[in-house]
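Have a look at upload-v9.tsv below; it lists TSV, C-alpha atoms and all ligand atoms.
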chain	number	residue	atom	x	y	z
A	595	MET	CA	92.21	91.56	68.43
A	596	PRO	CA	95.27	90.82	70.59
A	597	THR	CA	95.51	87.14	71.43
A	598	TYR	CA	98.24	85.48	73.44
A	599	ARG	CA	98.79	81.76	73.33
A	600	VAL	CA	99.48	79.94	76.60
A	601	ARG	CA	101.23	76.62	75.99
A	602	THR	CA	101.39	74.18	78.88
A	603	PRO	CA	101.83	70.40	78.93
A	604	ALA	CA	98.21	70.09	80.03
A	605	ARG	CA	96.64	72.35	77.40
A	606	THR	CA	97.26	75.12	74.88
A	607	TYR	CA	94.75	77.95	74.99
A	608	GLU	CA	94.29	81.60	74.18
A	609	ALA	CA	93.97	84.71	76.28
A	610	VAL	CA	91.98	87.16	74.17
A	611	ILE	CA	91.79	90.88	74.92
A	612	GLU	CA	88.93	92.58	73.11
A	613	ARG	CA	86.46	95.29	73.97
A	614	GLY	CA	82.97	93.86	73.82
A	615	ILE	CA	84.06	90.22	73.88
A	616	LEU	CA	81.39	89.57	76.54
A	617	HIS	CA	78.92	89.51	73.64
A	618	ARG	CA	80.78	86.60	72.06
A	619	VAL	CA	81.43	84.28	75.01
A	620	SER	CA	79.48	81.50	73.39
A	621	ASP	CA	81.97	81.33	70.47
A	622	TYR	CA	84.58	80.01	72.86
A	623	LEU	CA	82.58	77.04	74.11
A	624	PRO	CA	82.41	73.66	72.39
A	625	ALA	CA	79.26	73.44	70.25
A	626	HIS	CA	78.06	70.19	71.81
A	627	ALA	CA	78.65	71.03	75.44
A	628	GLY	CA	75.88	70.35	77.96
A	629	THR	CA	74.69	72.80	80.58
A	630	ILE	CA	76.85	75.88	81.14
A	631	PHE	CA	77.27	76.77	84.82
A	632	ILE	CA	78.24	80.41	85.30
A	633	VAL	CA	79.87	81.01	88.69
A	634	THR	CA	79.71	84.70	89.55
A	635	THR	CA	78.87	87.25	92.24
A	636	GLU	CA	75.66	89.27	92.42
A	637	ASP	CA	77.42	92.62	91.89
A	638	VAL	CA	79.24	91.51	88.74
A	639	TRP	CA	76.14	89.83	87.36
A	640	ARG	CA	74.04	92.95	87.98
A	641	LEU	CA	76.62	95.16	86.22
A	642	HIS	CA	77.65	92.98	83.29
A	643	GLY	CA	75.61	89.75	83.30
A	644	ASP	CA	73.08	90.71	80.64
A	645	ARG	CA	75.75	90.76	77.91
A	646	VAL	CA	77.04	87.32	78.83
A	647	GLN	CA	73.52	85.96	79.14
A	648	THR	CA	72.45	87.17	75.67
A	649	SER	CA	75.60	85.76	74.10
A	650	PHE	CA	74.39	82.25	75.00
A	651	GLN	CA	71.10	82.62	73.10
A	652	ASN	CA	69.31	79.28	73.41
A	653	ARG	CA	71.99	77.24	75.08
A	654	PRO	CA	71.22	75.78	78.54
A	655	VAL	CA	72.69	78.10	81.16
A	656	LYS	CA	72.48	78.16	84.97
A	657	VAL	CA	73.82	81.02	87.03
A	658	LEU	CA	75.32	80.14	90.42
A	659	PHE	CA	75.99	82.98	92.85
A	660	PHE	CA	78.82	82.99	95.32
A	661	PRO	CA	79.29	85.67	98.05
A	662	GLY	CA	82.71	86.55	96.64
A	663	ARG	CA	84.56	87.66	99.75
A	664	GLU	CA	88.00	86.37	100.65
A	665	GLU	CA	86.73	84.75	103.88
A	666	ARG	CA	84.23	82.78	101.77
A	667	LYS	CA	86.87	81.45	99.37
A	668	ARG	CA	86.64	78.13	101.20
A	669	LEU	CA	86.11	74.47	100.50
A	670	ALA	CA	82.62	74.69	102.06
A	671	GLU	CA	81.58	77.07	99.26
A	672	VAL	CA	83.02	74.76	96.61
A	673	GLU	CA	80.98	71.93	98.08
A	674	SER	CA	77.84	74.05	98.14
A	675	LEU	CA	78.32	75.08	94.50
A	676	ALA	CA	78.94	71.44	93.55
A	677	GLU	CA	75.70	70.38	95.30
A	678	GLN	CA	73.82	73.07	93.37
A	679	MET	CA	75.29	71.75	90.13
A	680	VAL	CA	74.17	68.22	90.92
A	681	ALA	CA	70.68	69.49	91.77
A	682	GLU	CA	70.60	71.28	88.40
A	683	GLY	CA	71.55	68.12	86.52
A	684	ALA	CA	75.26	68.64	85.91
A	685	ASP	CA	77.13	65.78	84.24
A	686	ARG	CA	80.43	65.21	82.49
A	687	THR	CA	79.33	67.30	79.47
A	688	SER	CA	78.80	70.40	81.63
A	689	ILE	CA	81.07	73.42	81.51
A	690	VAL	CA	81.96	75.98	84.17
A	691	VAL	CA	82.32	79.66	83.32
A	692	ALA	CA	84.05	81.69	86.04
A	693	PHE	CA	82.84	85.27	85.64
A	694	GLY	CA	84.18	87.76	88.18
A	695	GLY	CA	87.27	88.90	90.04
A	696	GLY	CA	90.21	86.78	91.13
A	697	ILE	CA	88.28	85.12	93.92
A	698	VAL	CA	85.68	83.84	91.47
A	699	ASN	CA	88.37	82.81	88.97
A	700	ASP	CA	90.20	80.84	91.66
A	701	LEU	CA	87.16	79.25	93.26
A	702	GLY	CA	85.25	78.60	90.02
A	703	GLY	CA	88.39	77.13	88.49
A	704	PHE	CA	88.88	74.87	91.50
A	705	LEU	CA	85.25	73.74	91.36
A	706	ALA	CA	85.76	72.83	87.70
A	707	ALA	CA	89.03	71.05	88.49
A	708	ILE	CA	87.43	68.65	90.96
A	709	PHE	CA	83.76	68.33	89.93
A	710	MET	CA	83.37	64.76	88.61
A	711	ARG	CA	87.18	64.72	88.51
A	712	GLY	CA	87.36	67.66	86.17
A	713	LEU	CA	85.17	69.76	83.86
A	714	PRO	CA	86.38	72.36	81.36
A	715	VAL	CA	86.40	75.95	82.61
A	716	LEU	CA	86.24	79.24	80.73
A	717	GLN	CA	87.75	82.17	82.63
A	718	ILE	CA	86.18	85.63	82.23
A	719	PRO	CA	88.02	87.92	84.65
A	720	THR	CA	86.36	91.24	85.51
A	721	THR	CA	88.84	93.03	87.79
A	722	LEU	CA	92.07	94.45	86.46
A	723	LEU	CA	94.04	92.22	88.82
A	724	SER	CA	92.32	89.08	87.64
A	725	GLN	CA	92.61	90.08	83.95
A	726	VAL	CA	96.36	90.51	84.15
A	727	ASP	CA	97.16	87.86	86.73
A	728	ALA	CA	94.69	85.48	88.38
A	729	ALA	CA	92.83	84.20	85.32
A	730	VAL	CA	95.88	83.34	83.20
A	731	GLY	CA	98.07	80.44	84.24
A	732	GLY	CA	95.72	77.77	85.54
A	733	LYS	CA	96.26	78.18	89.28
A	734	THR	CA	92.99	77.58	91.10
A	735	GLY	CA	92.20	77.13	94.75
A	736	ALA	CA	90.69	78.10	98.05
A	737	ASN	CA	91.84	79.25	101.48
A	738	LEU	CA	92.28	77.19	104.62
A	739	LYS	CA	91.80	78.65	108.10
A	740	SER	CA	95.54	78.40	108.46
A	741	GLY	CA	96.44	80.25	105.29
A	742	LYS	CA	95.52	81.65	101.87
A	743	ASN	CA	95.40	79.45	98.76
A	744	LEU	CA	96.71	76.42	100.65
A	745	ILE	CA	94.50	74.01	98.74
A	746	GLY	CA	94.01	73.99	95.01
A	747	ALA	CA	94.90	72.51	91.67
A	748	PHE	CA	96.48	73.47	88.39
A	749	HIS	CA	93.59	73.47	85.94
A	750	GLN	CA	94.18	75.25	82.65
A	751	PRO	CA	91.08	76.89	81.12
A	752	LEU	CA	89.53	76.51	77.66
A	753	ALA	CA	90.33	80.19	77.14
A	754	VAL	CA	90.61	83.47	79.03
A	755	LEU	CA	88.33	86.22	77.74
A	756	ILE	CA	89.33	89.74	78.76
A	757	ASP	CA	86.95	92.63	78.10
A	758	PRO	CA	88.60	95.96	79.03
A	759	ASP	CA	85.15	97.60	79.00
A	760	VAL	CA	84.18	95.98	82.31
A	761	ILE	CA	86.99	97.89	84.04
A	762	ALA	CA	84.87	101.06	83.78
A	763	THR	CA	82.77	99.99	86.77
A	764	LEU	CA	85.66	98.94	89.00
A	765	PRO	CA	86.13	100.99	92.21
A	766	ASP	CA	89.21	103.22	92.08
A	767	ARG	CA	91.09	101.36	94.80
A	768	GLU	CA	90.60	97.97	93.11
A	769	TYR	CA	91.72	99.52	89.82
A	770	ARG	CA	94.95	100.87	91.29
A	771	ALA	CA	95.61	97.53	93.04
A	772	GLY	CA	95.55	95.91	89.59
A	773	LEU	CA	97.87	98.55	88.14
A	774	TYR	CA	100.60	97.52	90.60
A	775	GLU	CA	100.65	93.99	89.16
A	776	ILE	CA	101.16	95.50	85.69
A	777	ILE	CA	103.98	97.71	86.97
A	778	LYS	CA	105.46	94.48	88.33
A	779	CYS	CA	105.41	92.95	84.84
A	780	GLY	CA	107.29	95.97	83.53
A	781	ILE	CA	109.97	95.69	86.19
A	782	ILE	CA	110.53	91.96	85.70
A	783	ARG	CA	110.46	91.80	81.91
A	784	ASP	CA	109.59	94.95	79.98
A	785	GLY	CA	111.32	98.27	80.62
A	786	ASP	CA	109.13	100.06	78.03
A	787	LEU	CA	105.98	99.03	79.89
A	788	PHE	CA	107.46	100.45	83.08
A	789	ASP	CA	108.41	103.71	81.29
A	790	LEU	CA	104.81	104.06	80.18
A	791	PHE	CA	103.75	104.10	83.82
A	792	GLN	CA	106.23	106.88	84.46
A	793	ASN	CA	105.17	108.95	81.42
A	794	GLU	CA	101.43	108.32	81.08
A	795	ARG	CA	100.23	108.50	84.68
A	796	GLU	CA	97.25	110.73	83.92
A	797	ARG	CA	95.91	108.67	81.06
A	798	ILE	CA	96.45	105.43	82.95
A	799	LEU	CA	94.64	106.69	86.05
A	800	ASN	CA	91.82	108.09	83.86
A	801	ARG	CA	91.40	104.62	82.30
A	802	ASN	CA	91.97	105.95	78.78
A	803	HIS	CA	90.76	103.13	76.48
A	804	ALA	CA	93.82	102.88	74.26
A	805	VAL	CA	96.34	103.01	77.10
A	806	LEU	CA	94.34	100.60	79.25
A	807	GLU	CA	94.18	98.06	76.44
A	808	HIS	CA	97.89	98.50	75.82
A	809	ILE	CA	98.93	97.87	79.44
A	810	ILE	CA	96.56	94.90	79.84
A	811	CYS	CA	98.06	93.38	76.69
A	812	GLY	CA	101.59	93.99	77.97
A	813	ALA	CA	100.92	92.20	81.23
A	814	VAL	CA	98.97	89.29	79.70
A	815	ARG	CA	101.70	88.77	77.09
A	816	ILE	CA	104.32	88.51	79.83
A	817	LYS	CA	102.23	86.21	82.01
A	818	ALA	CA	101.45	83.99	78.99
A	819	GLU	CA	105.14	83.79	78.03
A	820	VAL	CA	106.31	82.98	81.54
A	821	VAL	CA	103.61	80.36	82.20
A	822	SER	CA	104.28	78.77	78.81
A	823	GLU	CA	107.92	78.30	79.72
A	824	ASP	CA	107.24	77.09	83.25
A	825	GLU	CA	103.69	75.98	84.12
A	826	LYS	CA	104.30	74.86	87.69
A	827	GLU	CA	106.60	77.48	89.11
A	828	SER	CA	109.76	75.42	89.26
A	829	ASP	CA	111.97	78.26	88.15
A	830	LEU	CA	111.11	80.99	85.65
A	831	ARG	CA	107.55	81.42	86.94
A	832	ARG	CA	109.01	82.56	90.25
A	833	ILE	CA	109.91	85.91	88.66
A	834	LEU	CA	106.19	86.72	88.77
A	835	ASN	CA	106.59	86.81	92.54
A	836	TYR	CA	108.53	90.08	92.45
A	837	GLY	CA	107.22	92.12	95.40
A	838	HIS	CA	105.30	89.11	96.69
A	839	THR	CA	107.76	87.79	99.31
A	840	ILE	CA	107.21	90.87	101.47
A	841	GLY	CA	103.72	91.47	100.04
A	842	HIS	CA	102.39	88.13	101.28
A	843	ALA	CA	103.97	88.67	104.70
A	844	LEU	CA	102.36	92.11	104.94
A	845	GLU	CA	98.93	90.73	103.99
A	846	ALA	CA	99.23	88.00	106.62
A	847	GLU	CA	100.56	90.37	109.28
A	848	THR	CA	97.52	92.63	108.79
A	849	ALA	CA	95.06	89.70	108.70
A	850	TYR	CA	94.15	90.33	105.02
A	851	VAL	CA	91.96	93.29	105.92
A	852	ARG	CA	94.12	96.40	105.74
A	853	PHE	CA	95.70	95.94	102.31
A	854	LEU	CA	94.39	94.73	99.00
A	855	HIS	CA	96.74	92.15	97.45
A	856	GLY	CA	98.06	94.61	94.86
A	857	GLU	CA	98.70	97.25	97.52
A	858	ALA	CA	100.74	94.82	99.61
A	859	VAL	CA	102.69	93.89	96.47
A	860	ALA	CA	103.33	97.61	95.81
A	861	PHE	CA	105.01	97.86	99.21
A	862	GLY	CA	106.89	94.60	98.60
A	863	MET	CA	108.20	95.88	95.26
A	864	VAL	CA	109.66	98.97	96.93
A	865	VAL	CA	111.36	96.85	99.62
A	866	ALA	CA	112.76	94.48	96.98
A	867	ALA	CA	114.04	97.39	94.88
A	868	ARG	CA	115.93	98.69	97.89
A	869	LEU	CA	117.37	95.20	98.55
A	870	ALA	CA	118.44	95.02	94.91
A	871	GLY	CA	120.21	98.38	95.32
A	872	ASP	CA	121.95	97.21	98.51
A	873	ALA	CA	123.07	93.96	96.91
A	874	GLY	CA	124.71	96.07	94.23
A	875	GLY	CA	122.91	94.88	91.12
A	876	LEU	CA	120.47	97.75	90.69
A	877	ALA	CA	121.64	101.35	90.23
A	878	ARG	CA	120.55	103.72	93.02
A	879	ARG	CA	118.65	105.98	90.63
A	880	GLU	CA	116.65	102.97	89.44
A	881	VAL	CA	115.78	102.06	93.05
A	882	GLU	CA	114.41	105.59	93.42
A	883	ARG	CA	112.60	105.42	90.09
A	884	ILE	CA	110.80	102.21	91.11
A	885	ALA	CA	109.89	103.67	94.53
A	886	GLU	CA	108.59	106.89	92.98
A	887	VAL	CA	106.60	105.37	90.14
A	888	VAL	CA	104.99	102.84	92.50
A	889	ALA	CA	104.14	105.61	95.00
A	890	SER	CA	102.67	107.79	92.23
A	891	TYR	CA	99.86	105.25	91.76
A	892	GLY	CA	99.02	105.42	95.45
A	893	PRO	CA	98.06	106.04	98.08
A	894	ILE	CA	98.09	102.69	99.82
A	895	PRO	CA	96.91	102.24	103.42
A	896	SER	CA	99.28	103.43	106.12
A	897	LEU	CA	102.15	101.20	107.21
A	898	GLU	CA	101.93	102.61	110.71
A	899	GLY	CA	102.50	100.04	113.41
A	900	ILE	CA	104.15	97.52	111.10
A	901	ASP	CA	107.15	96.01	112.87
A	902	PRO	CA	109.90	95.04	110.38
A	903	LYS	CA	111.12	92.24	112.67
A	904	ARG	CA	107.70	90.64	112.85
A	905	LEU	CA	107.33	90.95	109.10
A	906	PHE	CA	110.65	89.20	108.66
A	907	ALA	CA	109.55	86.39	110.98
A	908	ARG	CA	106.51	85.87	108.70
A	909	LEU	CA	108.69	85.20	105.68
A	910	ALA	CA	109.80	81.81	106.92
A	911	SER	CA	106.22	80.53	107.09
A	912	ASP	CA	105.31	81.59	103.53
A	913	LYS	CA	104.26	78.65	101.35
A	914	LYS	CA	106.71	79.87	98.69
A	915	THR	CA	109.61	79.44	101.13
A	916	LEU	CA	111.57	76.43	99.89
A	917	GLN	CA	113.54	74.28	102.34
A	918	GLY	CA	113.59	77.08	104.88
A	919	LYS	CA	115.23	79.55	102.49
A	920	VAL	CA	113.61	82.90	101.79
A	921	HIS	CA	113.82	83.84	98.13
A	922	PHE	CA	113.66	87.35	96.78
A	923	VAL	CA	113.11	88.33	93.17
A	924	LEU	CA	115.43	91.29	92.68
A	925	PRO	CA	115.79	93.56	89.64
A	926	VAL	CA	119.23	93.79	88.09
A	927	ARG	CA	117.83	96.62	85.96
A	928	ILE	CA	114.29	97.68	85.13
A	929	GLY	CA	113.13	94.92	82.78
A	930	ALA	CA	115.22	92.04	84.17
A	931	VAL	CA	115.34	90.23	87.51
A	932	LYS	CA	117.14	87.38	89.23
A	933	VAL	CA	116.12	85.14	92.15
A	934	VAL	CA	118.33	85.54	95.21
A	935	SER	CA	118.29	83.66	98.51
A	936	GLY	CA	120.24	83.93	101.75
A	937	ILE	CA	120.05	87.70	102.23
A	938	PRO	CA	121.04	88.39	105.87
A	939	GLU	CA	118.20	89.27	108.25
A	940	PRO	CA	119.56	92.74	109.20
A	941	ASP	CA	119.64	93.77	105.51
A	942	VAL	CA	116.05	92.71	104.94
A	943	ILE	CA	114.92	94.47	108.11
A	944	ALA	CA	116.73	97.67	107.10
A	945	ALA	CA	115.06	97.64	103.67
A	946	ILE	CA	111.62	97.11	105.26
A	947	GLN	CA	112.29	99.95	107.71
A	948	TRP	CA	113.29	102.26	104.85
A	949	ALA	CA	110.11	101.47	102.91
A	950	VAL	CA	107.88	101.79	106.01
A	951	GLU	CA	109.23	105.32	106.50
A	952	ARG	CA	108.54	106.23	102.88
A	953	TYR	CA	104.97	105.02	103.30
A	954	SER	CA	104.24	107.09	106.36
A	955	ALA	CA	100.74	108.05	107.43
A	956	ASP	CA	100.49	111.06	105.08
A	957	ARG	CA	100.13	108.71	102.11
A	958	ALA	CA	97.44	106.66	103.77
A	959	VAL	CA	94.05	105.71	102.36
A	960	ALA	CA	91.32	106.91	104.72
A	1001	LIG	N1	95.37	82.18	90.53
A	1001	LIG	C1	96.28	83.14	90.50
A	1001	LIG	O1	97.29	83.03	89.80
A	1001	LIG	C2	96.03	84.38	91.28
A	1001	LIG	C3	96.84	85.49	91.07
A	1001	LIG	C4	96.57	86.67	91.78
A	1001	LIG	C5	95.50	86.70	92.67
A	1001	LIG	N2	94.73	85.61	92.87
A	1001	LIG	C6	93.59	85.64	93.80
A	1001	LIG	O2	92.67	86.63	93.36
A	1001	LIG	C7	91.94	87.12	94.48
A	1001	LIG	C8	91.85	88.63	94.39
A	1001	LIG	O3	91.20	88.97	93.20
A	1001	LIG	P1	90.66	90.44	92.90
A	1001	LIG	O4	91.69	91.42	93.28
A	1001	LIG	O5	90.17	90.41	91.52
A	1001	LIG	O6	89.52	90.64	93.96
A	1001	LIG	P2	87.99	90.15	94.06
A	1001	LIG	O7	87.76	88.92	93.30
A	1001	LIG	O8	87.67	90.15	95.51
A	1001	LIG	O9	87.19	91.36	93.40
A	1001	LIG	C9	87.17	92.61	94.05
A	1001	LIG	C10	85.76	93.17	94.15
A	1001	LIG	O10	85.37	93.76	92.91
A	1001	LIG	C11	84.10	93.26	92.48
A	1001	LIG	N3	84.13	93.33	91.02
A	1001	LIG	C12	84.64	92.42	90.17
A	1001	LIG	N4	84.58	92.88	88.90
A	1001	LIG	C13	84.01	94.10	88.95
A	1001	LIG	C14	83.69	95.08	87.97
A	1001	LIG	N5	83.98	94.90	86.68
A	1001	LIG	N6	83.09	96.22	88.39
A	1001	LIG	C15	82.84	96.43	89.70
A	1001	LIG	N7	83.12	95.55	90.67
A	1001	LIG	C16	83.71	94.40	90.30
A	1001	LIG	C17	84.06	91.90	93.11
A	1001	LIG	O11	82.75	91.39	93.21
A	1001	LIG	C18	84.69	92.14	94.47
A	1001	LIG	O12	83.78	92.71	95.36
A	1001	LIG	C19	92.64	86.61	95.72
A	1001	LIG	O13	91.86	85.61	96.30
A	1001	LIG	C20	93.96	86.05	95.19
A	1001	LIG	O14	94.41	84.96	95.96
A	1001	LIG	C21	94.97	84.46	92.19
A	1002	ZN	ZN	99.99	89.02	92.82

Reformat the file's structure so that it appears as structure tokens.
Ligand SMILES: NC(=O)c1ccc[n+]([C@@H]2O[C@H](COP(=O)([O-])OP(=O)(O)OC[C@H]3O[C@@H](n4cnc5c(N)ncnc54)[C@H](O)[C@@H]3O)[C@@H](O)[C@H]2O)c1
Ligand SMILES: [Zn+2]
Amino acid sequence: MPTYRVRTPARTYEAVIERGILHRVSDYLPAHAGTIFIVTTEDVWRLHGDRVQTSFQNRPVKVLFFPGREERKRLAEVESLAEQMVAEGADRTSIVVAFGGGIVNDLGGFLAAIFMRGLPVLQIPTTLLSQVDAAVGGKTGANLKSGKNLIGAFHQPLAVLIDPDVIATLPDREYRAGLYEIIKCGIIRDGDLFDLFQNERERILNRNHAVLEHIICGAVRIKAEVVSEDEKESDLRRILNYGHTIGHALEAETAYVRFLHGEAVAFGMVVAARLAGDAGGLARREVERIAEVVASYGPIPSLEGIDPKRLFARLASDKKTLQGKVHFVLPVRIGAVKVVSGIPEPDVIAAIQWAVERYSADRAVA
């Protein structure tokens, strides 16, 4: 079974990709642990909970449900879950298992990070996006009214267990949103992975088992490597933000309702490819190839009404903006990127305008 080691100063752990691993969750928990608190959502538990539950056999388990929507990824919910844990007798021997999409991974991880000053957490991501991104790397957190993920902690898990079988029940739009983050991994670090997206579109969209496992492994390997070299995003880890400078601005500009995160990143990747072409590093035909491959996994919601100037103004308020400078991760070729700052406003606006036109209403999701 493919296993990738994540080495950070805080902890070394494994991300394991294996069909059916939900049956063996218990193997990854310390034998003498106390009560296991599974944080999940009702939909995920209904679809896949029985397998996790049976894997625990006679160990003490409590299931805590969380509504799971982005507007509920808040400190109030963390507090409510913590109160439930206390009521159920949690102590320092307890363990948290975060079982769900990225919201559950982030919030469950954050709960574990701060409950009694820190309990171990096991991450079991169930969306494609969370399998390839959110669950690996130890970033946990919640939203403030004033912005997404503005509070949180680095809290590395005991392990990350990835079962590609759970992807079968994922709605199509959520599935494609996850694919964009894998395409991102190809562009930043693995040209062969990107080529696969160009050549195997049908099998990827049909969720062919072998191809799905292959692309999940590709993305997890890259995330594990990058996080191992740079846990806290001082330098190398920033390459994972390819497409995210514009993507975050687009999500904020549309109040987090029009686009899924991956869809906003898809748009951001196309803008950044164009910027990379303008700046001279990336060949024109590669700019087109990125734009076309990304679009071929669409559609994404319409960009109609998006004002490039307003989007640009959003960039300055992004939490990833350092000392007032907007950074872009730009490909120098497919498979390698560099971080660039100080791109003039008119150039950024022109690239946004170009991408907005490509994503006109005819490619819109209903
Ligand atoms: N910590 C990080 O490094 C990191 C990275 C990327 C994203 N994130 C966070 O992740 C969140 C987005 O995560 P997401 O895209 O997984 O969305 P999500 O957690 O909202 O899940 C999407 C929906 O799919 C449902 N679902 C989950 N698994 C399913 C399955 N197997 N079958 C059917 N339905 C299923 C969920 O209940 C939910 O309704 C955001 O809050 C984002 O900030 C964190
Ligand atoms: Zn992302």

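Picture a line from atom CA of A:Val865 to atom CA of A:Val814; it runs 24.6 Å.
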
**OP:** Would you list the contacts of A:Ser688 as a PyMOL selection string, taking every protein, DNA or RNA residue within 8 Å and counting only C-alpha atoms, but skipping same-chain residues closer than 2 positions in sequence?
**Re:** chain A and resi 627-631+684-686+690+713-714

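Inspection of the environment of ligand ZN 1002 (chain A), which uses all atoms listed in the file and a cut-off of 10 Å, identifies the neighbouring residues as A:Leu723, A:Ser724, A:Val726, A:Asp727, A:Ala728, A:Ala771, A:Gly772, A:Tyr774, A:Glu775, A:Ile776, A:Lys778, A:Leu834, A:Asn835, A:Tyr836, A:Gly837, A:His838, A:Gly841, A:His842, A:His855, A:Gly856, A:Glu857, A:Ala858, A:Val859, A:Ala860.
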
Using all atoms listed in the file, which protein or nucleic acid residues come within 8 Å of stretch 693-698 of chain A? Drop anything in the same chain fewer than 2 positions from it, and give the result as a ChimeraX atom specification.
/A:632-635,638,660,662-664,667,691,700-703,717-721,723-724,728-729

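Put simply, atom CA of A:Glu671 is 9.2 Å away from atom CA of A:Ala736.
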
Listed atoms of stretch 883-896 of chain A boxed along x, y and z, 6 Å each side, centre and edge lengths in Å, one decimal, as JSON:
{"center_x": 104.8, "center_y": 105.0, "center_z": 98.1, "size_x": 27.7, "size_y": 17.6, "size_z": 28.0}
